[in-house]
Amino acid sequence: GLTLRSGARRPRYDDDVWDLTELADAPRQLRPSMKILNFAAITHLPWRSVAKDVALALLAPHDACVLALPQAIRKPRNPATVNRYLRGWRLWFNWLFAQGITTLGDVDSEHCDAYLAQASWSQPQLGVAQRRLEPNTIKNLVTPVQVIASYGELILSDRYAPDFVPWDGRPAHIVAGY
């Protein structure tokens with residue numbers, strides 16, 4: 001359902017940057033920077049494919065492969081939403097990799113809780129005390145981590161263990177402290 005302007009170069013799956021700035025039907029309020037999906041910021045190469053697989057599923061939820069997944073989101077997401085998810089995947093995947101995790105099948109509840117404990121605080125800045133992030137911000141960090149589980153059967157490169165859902169499947173707003 002995403003139509004490009006005539007003559008525009010279509011992003012390719014193997015590209016680490018998907019440039020969707022030539023979308024013909026993009027909402028006017030969608031800034032050009034939000035139409036660029038940069039997977040290169042994910043350090044561990046196999047997880048770039050995970051992010052790409054889920055991004056495609058979010059952009060094209062009516063694809064037959066996506067429709068076969070019972071937990072998949074059914075409403076198409078616009079590039080800005082996918083960009084927000086991508087930011088969350090970058091933070092999550094890079095945190096996991098820094099912890100020595102190299103396969104999503106090894107992720108467990110302890111990893112999720114440790115990530116949340118660290119990610120729930122603002123980044124340290126000179127002369128500014130760290131503060132706990134607002135629940136909505138935390139929710140936006142939790143949701144991308146959880147949504148990966150909904151697309152496990154679709155992901156070819158790496159996935160969570162079949163019975164694993166981060167934070168035991170509790171809604172992101174509850175995990176975030178609402």
# chains A, B, ... in the order shown; residues from 1 in each chain; ligands from 1
>>> closest_atom_pairs(of="region 71-145 of chain A", to="region 5-25 of chain A", cutoff="12 Å", atoms="only C-alpha atoms", output="tab-separated table")
residue	atom	partner	partner_atom	distance
A:Asn78	CA	A:Asp25	CA	10.6
A:Pro79	CA	A:Leu20	CA	7.9
A:Ala80	CA	A:Leu20	CA	10.5
A:Val82	CA	A:Trp18	CA	11.4
A:Asn83	CA	A:Trp18	CA	10.5
A:Leu86	CA	A:Val17	CA	11.5
>>> closest_residue(among="A:Arg84, A:Leu58, A:Asp53, A:Trp89", to="Ser33 (chain A)", atoms="only C-alpha atoms")
A:Arg84
>>> closest_residue(among="A:Val165, A:Leu126, A:Leu91, A:Cys112", to="Trp47 (chain A)", atoms="only C-alpha atoms")
A:Leu91
>>> residues_around(residues="Leu56 (chain A)", least_positions_apart="3", cutoff="10 Å", atoms="only C-alpha atoms", output="mmCIF file with C-alpha atoms, in the first residue's frame")
data_model
loop_
_atom_site.group_PDB
_atom_site.id
_atom_site.type_symbol
_atom_site.label_atom_id
_atom_site.label_comp_id
_atom_site.auth_asym_id
_atom_site.auth_seq_id
_atom_site.Cartn_x
_atom_site.Cartn_y
_atom_site.Cartn_z
ATOM 1 C CA TYR A 13 15.642 -5.478 1.685
ATOM 2 C CA ALA A 51 14.359 -5.512 12.531
ATOM 3 C CA LYS A 52 13.838 -5.491 8.755
ATOM 4 C CA ASP A 53 11.497 -8.497 8.894
ATOM 5 C CA LEU A 59 4.313 -1.690 6.948
ATOM 6 C CA ALA A 60 2.501 -4.490 5.063
ATOM 7 C CA PRO A 61 0.236 -6.298 7.554
ATOM 8 C CA ASP A 63 0.679 -9.775 3.287
ATOM 9 C CA VAL A 66 1.789 -11.738 8.106
ATOM 10 C CA PRO A 76 -0.616 -0.764 8.599
ATOM 11 C CA ARG A 77 1.881 1.369 10.493
ATOM 12 C CA VAL A 82 8.164 2.044 12.266
#
>>> residues_around(residues="Phe164 (chain A)", least_positions_apart="2", cutoff="9 Å", atoms="only C-alpha atoms", output="PyMOL selection string")
chain A and resi 105+107-109+149+160-162+166-169
>>> select_by_dssp(residues="region 7-146 of chain A", states="helix (DSSP H, G or I)", output="MDAnalysis selection string")
chainID A and resid 32:35 39:41 45:59 64:67 79:98 104:106 109:119 135:146
>>> closest_residue(among="A:Gly177, A:Pro171, A:Gly127, A:Gly152", to="Val50 (chain A)", atoms="only C-alpha atoms")
A:Gly152
>>> atom_distance(atom1="CA of Thr43 (chain A)", atom2="CA of Thr102 (chain A)")
10.6 Å
>>> atom_distance(atom1="CA of Asp106 (chain A)", atom2="CA of Ser157 (chain A)")
14.1 Å
>>> select_by_dssp(residues="chain A", states="strand (DSSP E)", output="ChimeraX atom specification")
/A:17-19,36-38
>>> residues_around(residues="region 113-116 of chain A", least_positions_apart="5", cutoff="9 Å", atoms="only C-alpha atoms", output="PDB file with all heavy atoms, in the first residue's frame")
ATOM      1  N   TRP A  92      17.552  -1.842  22.240  1.00  0.00           N
ATOM      2  CA  TRP A  92      17.435  -3.183  22.803  1.00  0.00           C
ATOM      3  C   TRP A  92      18.518  -4.103  22.278  1.00  0.00           C
ATOM      4  O   TRP A  92      19.229  -4.742  23.044  1.00  0.00           O
ATOM      5  CB  TRP A  92      16.043  -3.721  22.499  1.00  0.00           C
ATOM      6  CG  TRP A  92      15.775  -5.165  22.781  1.00  0.00           C
ATOM      7  CD1 TRP A  92      15.374  -6.097  21.873  1.00  0.00           C
ATOM      8  CD2 TRP A  92      15.825  -5.851  24.040  1.00  0.00           C
ATOM      9  NE1 TRP A  92      15.175  -7.320  22.483  1.00  0.00           N
ATOM     10  CE2 TRP A  92      15.451  -7.198  23.821  1.00  0.00           C
ATOM     11  CE3 TRP A  92      16.169  -5.474  25.330  1.00  0.00           C
ATOM     12  CZ2 TRP A  92      15.400  -8.151  24.836  1.00  0.00           C
ATOM     13  CZ3 TRP A  92      16.110  -6.429  26.346  1.00  0.00           C
ATOM     14  CH2 TRP A  92      15.740  -7.728  26.099  1.00  0.00           C
ATOM     15  N   TRP A  95      21.989  -3.084  23.424  1.00  0.00           N
ATOM     16  CA  TRP A  95      22.155  -3.389  24.850  1.00  0.00           C
ATOM     17  C   TRP A  95      22.422  -4.882  25.025  1.00  0.00           C
ATOM     18  O   TRP A  95      23.335  -5.266  25.764  1.00  0.00           O
ATOM     19  CB  TRP A  95      20.917  -2.955  25.635  1.00  0.00           C
ATOM     20  CG  TRP A  95      21.060  -3.191  27.105  1.00  0.00           C
ATOM     21  CD1 TRP A  95      21.614  -2.346  28.033  1.00  0.00           C
ATOM     22  CD2 TRP A  95      20.679  -4.372  27.827  1.00  0.00           C
ATOM     23  NE1 TRP A  95      21.596  -2.928  29.280  1.00  0.00           N
ATOM     24  CE2 TRP A  95      21.023  -4.171  29.183  1.00  0.00           C
ATOM     25  CE3 TRP A  95      20.089  -5.566  27.477  1.00  0.00           C
ATOM     26  CZ2 TRP A  95      20.790  -5.123  30.172  1.00  0.00           C
ATOM     27  CZ3 TRP A  95      19.846  -6.538  28.457  1.00  0.00           C
ATOM     28  CH2 TRP A  95      20.203  -6.304  29.787  1.00  0.00           C
ATOM     29  N   LEU A  96      21.623  -5.724  24.375  1.00  0.00           N
ATOM     30  CA  LEU A  96      21.827  -7.176  24.467  1.00  0.00           C
ATOM     31  C   LEU A  96      23.233  -7.564  24.027  1.00  0.00           C
ATOM     32  O   LEU A  96      23.917  -8.344  24.694  1.00  0.00           O
ATOM     33  CB  LEU A  96      20.812  -7.931  23.600  1.00  0.00           C
ATOM     34  CG  LEU A  96      19.388  -8.036  24.106  1.00  0.00           C
ATOM     35  CD1 LEU A  96      18.501  -8.657  23.025  1.00  0.00           C
ATOM     36  CD2 LEU A  96      19.309  -8.831  25.397  1.00  0.00           C
ATOM     37  N   ASP A 108      16.040 -13.921  28.190  1.00  0.00           N
ATOM     38  CA  ASP A 108      15.068 -14.365  29.189  1.00  0.00           C
ATOM     39  C   ASP A 108      14.528 -13.162  29.961  1.00  0.00           C
ATOM     40  O   ASP A 108      14.899 -12.017  29.686  1.00  0.00           O
ATOM     41  CB  ASP A 108      15.679 -15.411  30.131  1.00  0.00           C
ATOM     42  CG  ASP A 108      16.884 -14.900  30.916  1.00  0.00           C
ATOM     43  OD1 ASP A 108      17.011 -13.675  31.125  1.00  0.00           O
ATOM     44  OD2 ASP A 108      17.702 -15.739  31.337  1.00  0.00           O
ATOM     45  N   TRP A 121      15.927   5.341  32.764  1.00  0.00           N
ATOM     46  CA  TRP A 121      16.539   6.558  33.289  1.00  0.00           C
ATOM     47  C   TRP A 121      17.113   7.403  32.161  1.00  0.00           C
ATOM     48  O   TRP A 121      17.569   6.874  31.152  1.00  0.00           O
ATOM     49  CB  TRP A 121      17.643   6.214  34.298  1.00  0.00           C
ATOM     50  CG  TRP A 121      17.068   5.592  35.525  1.00  0.00           C
ATOM     51  CD1 TRP A 121      16.812   4.270  35.742  1.00  0.00           C
ATOM     52  CD2 TRP A 121      16.621   6.279  36.680  1.00  0.00           C
ATOM     53  NE1 TRP A 121      16.230   4.091  36.964  1.00  0.00           N
ATOM     54  CE2 TRP A 121      16.102   5.306  37.573  1.00  0.00           C
ATOM     55  CE3 TRP A 121      16.603   7.616  37.062  1.00  0.00           C
ATOM     56  CZ2 TRP A 121      15.583   5.640  38.817  1.00  0.00           C
ATOM     57  CZ3 TRP A 121      16.096   7.940  38.308  1.00  0.00           C
ATOM     58  CH2 TRP A 121      15.590   6.968  39.175  1.00  0.00           C
ATOM     59  N   ILE A 138       8.871   5.169  28.566  1.00  0.00           N
ATOM     60  CA  ILE A 138       9.254   3.795  28.883  1.00  0.00           C
ATOM     61  C   ILE A 138       8.406   2.815  28.070  1.00  0.00           C
ATOM     62  O   ILE A 138       8.910   1.828  27.542  1.00  0.00           O
ATOM     63  CB  ILE A 138       9.140   3.536  30.396  1.00  0.00           C
ATOM     64  CG1 ILE A 138      10.118   4.442  31.160  1.00  0.00           C
ATOM     65  CG2 ILE A 138       9.395   2.069  30.712  1.00  0.00           C
ATOM     66  CD1 ILE A 138       9.925   4.460  32.651  1.00  0.00           C
ATOM     67  N   LEU A 141       9.726   2.185  24.801  1.00  0.00           N
ATOM     68  CA  LEU A 141      10.908   1.314  24.797  1.00  0.00           C
ATOM     69  C   LEU A 141      10.516  -0.153  24.957  1.00  0.00           C
ATOM     70  O   LEU A 141      11.183  -1.035  24.429  1.00  0.00           O
ATOM     71  CB  LEU A 141      11.867   1.723  25.919  1.00  0.00           C
ATOM     72  CG  LEU A 141      12.477   3.116  25.814  1.00  0.00           C
ATOM     73  CD1 LEU A 141      13.235   3.457  27.098  1.00  0.00           C
ATOM     74  CD2 LEU A 141      13.375   3.223  24.607  1.00  0.00           C
ATOM     75  N   VAL A 142       9.433  -0.402  25.664  1.00  0.00           N
ATOM     76  CA  VAL A 142       8.974  -1.767  25.928  1.00  0.00           C
ATOM     77  C   VAL A 142       8.282  -2.368  24.705  1.00  0.00           C
ATOM     78  O   VAL A 142       8.521  -3.531  24.341  1.00  0.00           O
ATOM     79  CB  VAL A 142       8.026  -1.783  27.152  1.00  0.00           C
ATOM     80  CG1 VAL A 142       7.319  -3.119  27.291  1.00  0.00           C
ATOM     81  CG2 VAL A 142       8.796  -1.433  28.420  1.00  0.00           C
ATOM     82  N   PRO A 166       8.543 -11.175  26.128  1.00  0.00           N
ATOM     83  CA  PRO A 166       9.106 -10.277  27.136  1.00  0.00           C
ATOM     84  C   PRO A 166       8.064  -9.783  28.139  1.00  0.00           C
ATOM     85  O   PRO A 166       6.927  -9.488  27.772  1.00  0.00           O
ATOM     86  CB  PRO A 166       9.653  -9.121  26.290  1.00  0.00           C
ATOM     87  CG  PRO A 166       9.993  -9.773  24.976  1.00  0.00           C
ATOM     88  CD  PRO A 166       8.892 -10.774  24.766  1.00  0.00           C
ATOM     89  N   TRP A 167       8.488  -9.745  29.376  1.00  0.00           N
ATOM     90  CA  TRP A 167       7.668  -9.311  30.509  1.00  0.00           C
ATOM     91  C   TRP A 167       6.379 -10.140  30.593  1.00  0.00           C
ATOM     92  O   TRP A 167       5.321  -9.624  30.940  1.00  0.00           O
ATOM     93  CB  TRP A 167       7.403  -7.813  30.462  1.00  0.00           C
ATOM     94  CG  TRP A 167       8.662  -7.020  30.611  1.00  0.00           C
ATOM     95  CD1 TRP A 167       9.382  -6.825  31.745  1.00  0.00           C
ATOM     96  CD2 TRP A 167       9.383  -6.352  29.563  1.00  0.00           C
ATOM     97  NE1 TRP A 167      10.509  -6.081  31.474  1.00  0.00           N
ATOM     98  CE2 TRP A 167      10.538  -5.769  30.126  1.00  0.00           C
ATOM     99  CE3 TRP A 167       9.181  -6.193  28.195  1.00  0.00           C
ATOM    100  CZ2 TRP A 167      11.457  -5.055  29.396  1.00  0.00           C
ATOM    101  CZ3 TRP A 167      10.108  -5.466  27.465  1.00  0.00           C
ATOM    102  CH2 TRP A 167      11.229  -4.908  28.071  1.00  0.00           C
ATOM    103  N   VAL A 175       3.868  -2.570  32.142  1.00  0.00           N
ATOM    104  CA  VAL A 175       5.307  -2.743  32.387  1.00  0.00           C
ATOM    105  C   VAL A 175       5.957  -1.385  32.656  1.00  0.00           C
ATOM    106  O   VAL A 175       6.833  -1.255  33.519  1.00  0.00           O
ATOM    107  CB  VAL A 175       5.986  -3.437  31.184  1.00  0.00           C
ATOM    108  CG1 VAL A 175       7.495  -3.501  31.373  1.00  0.00           C
ATOM    109  CG2 VAL A 175       5.419  -4.840  30.968  1.00  0.00           C
ATOM    110  N   ALA A 176       5.486  -0.353  31.949  1.00  0.00           N
ATOM    111  CA  ALA A 176       6.069   0.992  32.077  1.00  0.00           C
ATOM    112  C   ALA A 176       5.663   1.705  33.356  1.00  0.00           C
ATOM    113  O   ALA A 176       6.238   2.725  33.694  1.00  0.00           O
ATOM    114  CB  ALA A 176       5.674   1.837  30.867  1.00  0.00           C
TER     115      ALA A 176
END
>>> closest_residue(among="A:Tyr151, A:Pro135, A:Gln125, A:Phe97", to="Ile174 (chain A)", atoms="only C-alpha atoms")
A:Pro135
>>> residues_around(residues="Leu67 (chain A)", least_positions_apart="2", cutoff="12 Å", atoms="only C-alpha atoms", output="list in words")
Ala57, Leu58, Ala60, Pro61, His62, Asp63, Ala64, Cys65, Leu69, Pro70, Gln71, Ala72, Ile73, Arg74, Lys75, Pro76, Ser150, Tyr151, Glu153 and Leu154 of chain A
>>> write_last_selection(atoms="N, CA and C atoms", output="compact mmCIF listing (two decimals), in the first residue's frame")
# COMPACT_ATOMS: atom_id res chain seq x y z
N ALA A 57 6.69 -6.33 8.11
CA ALA A 57 5.40 -6.83 8.58
C ALA A 57 4.52 -5.70 9.10
N LEU A 58 5.11 -4.72 9.75
CA LEU A 58 4.35 -3.58 10.25
C LEU A 58 3.86 -2.67 9.13
N ALA A 60 3.35 -3.73 5.98
CA ALA A 60 2.50 -4.49 5.06
C ALA A 60 1.78 -5.61 5.81
N PRO A 61 0.87 -5.28 6.73
CA PRO A 61 0.24 -6.30 7.55
C PRO A 61 -0.76 -7.18 6.81
N HIS A 62 -1.10 -6.83 5.58
CA HIS A 62 -2.06 -7.64 4.83
C HIS A 62 -1.37 -8.64 3.92
N ASP A 63 -0.05 -8.74 4.01
CA ASP A 63 0.68 -9.78 3.29
C ASP A 63 0.25 -11.13 3.84
N ALA A 64 0.14 -12.12 2.97
CA ALA A 64 -0.34 -13.44 3.38
C ALA A 64 0.50 -14.04 4.51
N CYS A 65 1.81 -13.84 4.48
CA CYS A 65 2.68 -14.39 5.53
C CYS A 65 2.39 -13.74 6.89
N LEU A 69 -0.05 -15.00 11.00
CA LEU A 69 0.42 -14.89 12.38
C LEU A 69 -0.71 -14.38 13.28
N PRO A 70 -1.10 -15.15 14.28
CA PRO A 70 -2.26 -14.77 15.10
C PRO A 70 -2.06 -13.48 15.91
N GLN A 71 -0.83 -13.17 16.31
CA GLN A 71 -0.58 -12.00 17.15
C GLN A 71 -0.14 -10.76 16.37
N ALA A 72 -0.06 -10.88 15.05
CA ALA A 72 0.43 -9.76 14.23
C ALA A 72 -0.54 -8.58 14.28
N ILE A 73 0.02 -7.39 14.20
CA ILE A 73 -0.77 -6.17 14.13
C ILE A 73 -1.43 -6.11 12.76
N ARG A 74 -2.71 -5.83 12.71
CA ARG A 74 -3.47 -5.86 11.45
C ARG A 74 -3.58 -4.53 10.74
N LYS A 75 -3.31 -3.45 11.43
CA LYS A 75 -3.42 -2.11 10.82
C LYS A 75 -2.04 -1.67 10.34
N PRO A 76 -1.93 -1.22 9.09
CA PRO A 76 -0.62 -0.76 8.60
C PRO A 76 -0.06 0.37 9.47
N SER A 150 5.68 -11.34 18.50
CA SER A 150 4.49 -11.55 17.68
C SER A 150 4.82 -12.01 16.27
N TYR A 151 6.05 -11.78 15.85
CA TYR A 151 6.44 -12.08 14.47
C TYR A 151 7.50 -13.19 14.39
N GLU A 153 7.50 -16.42 14.01
CA GLU A 153 7.41 -17.41 12.94
C GLU A 153 7.81 -16.83 11.58
N LEU A 154 7.76 -15.53 11.45
CA LEU A 154 8.09 -14.86 10.19
C LEU A 154 9.59 -14.59 10.07
>>> residues_around(residues="Asn140 (chain A)", least_positions_apart="4", cutoff="8 Å", atoms="only C-alpha atoms", output="list of chain:residue names")
A:Arg84, A:Tyr85, A:Gly88, A:Asn136, A:Pro144, A:Ala172
>>> write_last_selection(atoms="N, CA and C atoms", output="short mmCIF file (atom, residue, chain, number, x, y, z; two decimals), in the first residue's frame")
data_model
loop_
_atom_site.label_atom_id
_atom_site.label_comp_id
_atom_site.auth_asym_id
_atom_site.auth_seq_id
_atom_site.Cartn_x
_atom_site.Cartn_y
_atom_site.Cartn_z
N ARG A 84 10.05 4.79 14.99
CA ARG A 84 10.08 4.77 16.46
C ARG A 84 10.38 3.36 16.97
N TYR A 85 9.76 2.36 16.35
CA TYR A 85 10.07 0.97 16.71
C TYR A 85 11.54 0.67 16.45
N GLY A 88 13.71 1.78 19.14
CA GLY A 88 13.63 0.85 20.27
C GLY A 88 14.41 -0.43 20.02
N ASN A 136 5.15 7.02 29.53
CA ASN A 136 4.91 6.93 28.09
C ASN A 136 6.21 6.68 27.32
N PRO A 144 8.54 -2.09 21.35
CA PRO A 144 9.33 -2.72 20.29
C PRO A 144 9.96 -4.05 20.71
N ALA A 172 2.47 -3.21 27.54
CA ALA A 172 3.60 -2.30 27.68
C ALA A 172 3.30 -1.18 28.68
#
>>> decode(residues="region 23-34 of chain A", atoms="all heavy atoms", output="PDB file, in the first residue's frame")
ATOM      1  N   LEU A  23       7.746   8.628  -0.975  1.00  0.00           N
ATOM      2  CA  LEU A  23       6.392   8.097  -0.868  1.00  0.00           C
ATOM      3  C   LEU A  23       5.401   9.100  -1.447  1.00  0.00           C
ATOM      4  O   LEU A  23       5.427  10.284  -1.100  1.00  0.00           O
ATOM      5  CB  LEU A  23       6.028   7.813   0.587  1.00  0.00           C
ATOM      6  CG  LEU A  23       6.604   6.561   1.210  1.00  0.00           C
ATOM      7  CD1 LEU A  23       6.244   6.500   2.691  1.00  0.00           C
ATOM      8  CD2 LEU A  23       6.109   5.324   0.496  1.00  0.00           C
ATOM      9  N   ALA A  24       4.539   8.629  -2.313  1.00  0.00           N
ATOM     10  CA  ALA A  24       3.568   9.516  -2.950  1.00  0.00           C
ATOM     11  C   ALA A  24       2.402   9.849  -2.027  1.00  0.00           C
ATOM     12  O   ALA A  24       1.818  10.921  -2.117  1.00  0.00           O
ATOM     13  CB  ALA A  24       3.059   8.876  -4.234  1.00  0.00           C
ATOM     14  N   ASP A  25       2.066   8.935  -1.139  1.00  0.00           N
ATOM     15  CA  ASP A  25       0.872   9.111  -0.315  1.00  0.00           C
ATOM     16  C   ASP A  25       1.179   9.300   1.171  1.00  0.00           C
ATOM     17  O   ASP A  25       0.345   9.016   2.018  1.00  0.00           O
ATOM     18  CB  ASP A  25      -0.073   7.929  -0.511  1.00  0.00           C
ATOM     19  CG  ASP A  25       0.606   6.588  -0.256  1.00  0.00           C
ATOM     20  OD1 ASP A  25       1.818   6.576   0.008  1.00  0.00           O
ATOM     21  OD2 ASP A  25      -0.085   5.557  -0.311  1.00  0.00           O
ATOM     22  N   ALA A  26       2.362   9.798   1.467  1.00  0.00           N
ATOM     23  CA  ALA A  26       2.736   9.997   2.876  1.00  0.00           C
ATOM     24  C   ALA A  26       1.966  11.180   3.460  1.00  0.00           C
ATOM     25  O   ALA A  26       1.709  12.170   2.772  1.00  0.00           O
ATOM     26  CB  ALA A  26       4.239  10.266   2.984  1.00  0.00           C
ATOM     27  N   PRO A  27       1.589  11.068   4.736  1.00  0.00           N
ATOM     28  CA  PRO A  27       0.930  12.209   5.383  1.00  0.00           C
ATOM     29  C   PRO A  27       1.833  13.452   5.348  1.00  0.00           C
ATOM     30  O   PRO A  27       3.054  13.347   5.463  1.00  0.00           O
ATOM     31  CB  PRO A  27       0.729  11.737   6.827  1.00  0.00           C
ATOM     32  CG  PRO A  27       0.845  10.250   6.772  1.00  0.00           C
ATOM     33  CD  PRO A  27       1.750   9.933   5.626  1.00  0.00           C
ATOM     34  N   ARG A  28       1.247  14.604   5.209  1.00  0.00           N
ATOM     35  CA  ARG A  28       2.032  15.854   5.103  1.00  0.00           C
ATOM     36  C   ARG A  28       2.858  16.136   6.346  1.00  0.00           C
ATOM     37  O   ARG A  28       3.932  16.703   6.258  1.00  0.00           O
ATOM     38  CB  ARG A  28       1.108  17.034   4.840  1.00  0.00           C
ATOM     39  CG  ARG A  28       0.503  16.999   3.487  1.00  0.00           C
ATOM     40  CD  ARG A  28      -0.383  18.196   3.266  1.00  0.00           C
ATOM     41  NE  ARG A  28      -1.193  17.958   2.090  1.00  0.00           N
ATOM     42  CZ  ARG A  28      -1.603  18.909   1.300  1.00  0.00           C
ATOM     43  NH1 ARG A  28      -1.318  20.154   1.570  1.00  0.00           N
ATOM     44  NH2 ARG A  28      -2.336  18.626   0.262  1.00  0.00           N
ATOM     45  N   GLN A  29       2.352  15.769   7.506  1.00  0.00           N
ATOM     46  CA  GLN A  29       3.069  16.056   8.743  1.00  0.00           C
ATOM     47  C   GLN A  29       4.255  15.118   8.969  1.00  0.00           C
ATOM     48  O   GLN A  29       5.030  15.310   9.891  1.00  0.00           O
ATOM     49  CB  GLN A  29       2.129  16.021   9.952  1.00  0.00           C
ATOM     50  CG  GLN A  29       1.642  14.653  10.348  1.00  0.00           C
ATOM     51  CD  GLN A  29       0.383  14.228   9.612  1.00  0.00           C
ATOM     52  OE1 GLN A  29       0.052  14.746   8.566  1.00  0.00           O
ATOM     53  NE2 GLN A  29      -0.334  13.258  10.161  1.00  0.00           N
ATOM     54  N   LEU A  30       4.420  14.116   8.106  1.00  0.00           N
ATOM     55  CA  LEU A  30       5.517  13.159   8.244  1.00  0.00           C
ATOM     56  C   LEU A  30       6.809  13.807   7.728  1.00  0.00           C
ATOM     57  O   LEU A  30       6.986  14.003   6.534  1.00  0.00           O
ATOM     58  CB  LEU A  30       5.189  11.885   7.456  1.00  0.00           C
ATOM     59  CG  LEU A  30       6.060  10.674   7.693  1.00  0.00           C
ATOM     60  CD1 LEU A  30       6.025  10.243   9.148  1.00  0.00           C
ATOM     61  CD2 LEU A  30       5.589   9.528   6.818  1.00  0.00           C
ATOM     62  N   ARG A  31       7.686  14.159   8.660  1.00  0.00           N
ATOM     63  CA  ARG A  31       8.949  14.803   8.297  1.00  0.00           C
ATOM     64  C   ARG A  31       9.809  13.863   7.449  1.00  0.00           C
ATOM     65  O   ARG A  31       9.772  12.641   7.642  1.00  0.00           O
ATOM     66  CB  ARG A  31       9.724  15.192   9.559  1.00  0.00           C
ATOM     67  CG  ARG A  31       9.043  16.249  10.394  1.00  0.00           C
ATOM     68  CD  ARG A  31       9.921  16.682  11.575  1.00  0.00           C
ATOM     69  NE  ARG A  31      10.641  15.605  12.216  1.00  0.00           N
ATOM     70  CZ  ARG A  31      10.260  14.996  13.337  1.00  0.00           C
ATOM     71  NH1 ARG A  31       9.168  15.358  13.952  1.00  0.00           N
ATOM     72  NH2 ARG A  31      10.986  14.029  13.851  1.00  0.00           N
ATOM     73  N   PRO A  32      10.609  14.404   6.536  1.00  0.00           N
ATOM     74  CA  PRO A  32      11.470  13.560   5.708  1.00  0.00           C
ATOM     75  C   PRO A  32      12.382  12.641   6.527  1.00  0.00           C
ATOM     76  O   PRO A  32      12.586  11.487   6.153  1.00  0.00           O
ATOM     77  CB  PRO A  32      12.286  14.563   4.897  1.00  0.00           C
ATOM     78  CG  PRO A  32      11.399  15.764   4.798  1.00  0.00           C
ATOM     79  CD  PRO A  32      10.663  15.813   6.118  1.00  0.00           C
ATOM     80  N   SER A  33      12.888  13.108   7.643  1.00  0.00           N
ATOM     81  CA  SER A  33      13.784  12.276   8.452  1.00  0.00           C
ATOM     82  C   SER A  33      13.072  11.044   9.006  1.00  0.00           C
ATOM     83  O   SER A  33      13.699  10.014   9.242  1.00  0.00           O
ATOM     84  CB  SER A  33      14.375  13.091   9.601  1.00  0.00           C
ATOM     85  OG  SER A  33      13.350  13.517  10.486  1.00  0.00           O
ATOM     86  N   MET A  34      11.770  11.127   9.193  1.00  0.00           N
ATOM     87  CA  MET A  34      11.008   9.988   9.709  1.00  0.00           C
ATOM     88  C   MET A  34      10.750   8.943   8.631  1.00  0.00           C
ATOM     89  O   MET A  34      10.303   7.846   8.919  1.00  0.00           O
ATOM     90  CB  MET A  34       9.681  10.465  10.305  1.00  0.00           C
ATOM     91  CG  MET A  34       9.858  11.363  11.517  1.00  0.00           C
ATOM     92  SD  MET A  34      10.886  10.646  12.826  1.00  0.00           S
ATOM     93  CE  MET A  34       9.872   9.288  13.340  1.00  0.00           C
TER      94      MET A  34
END
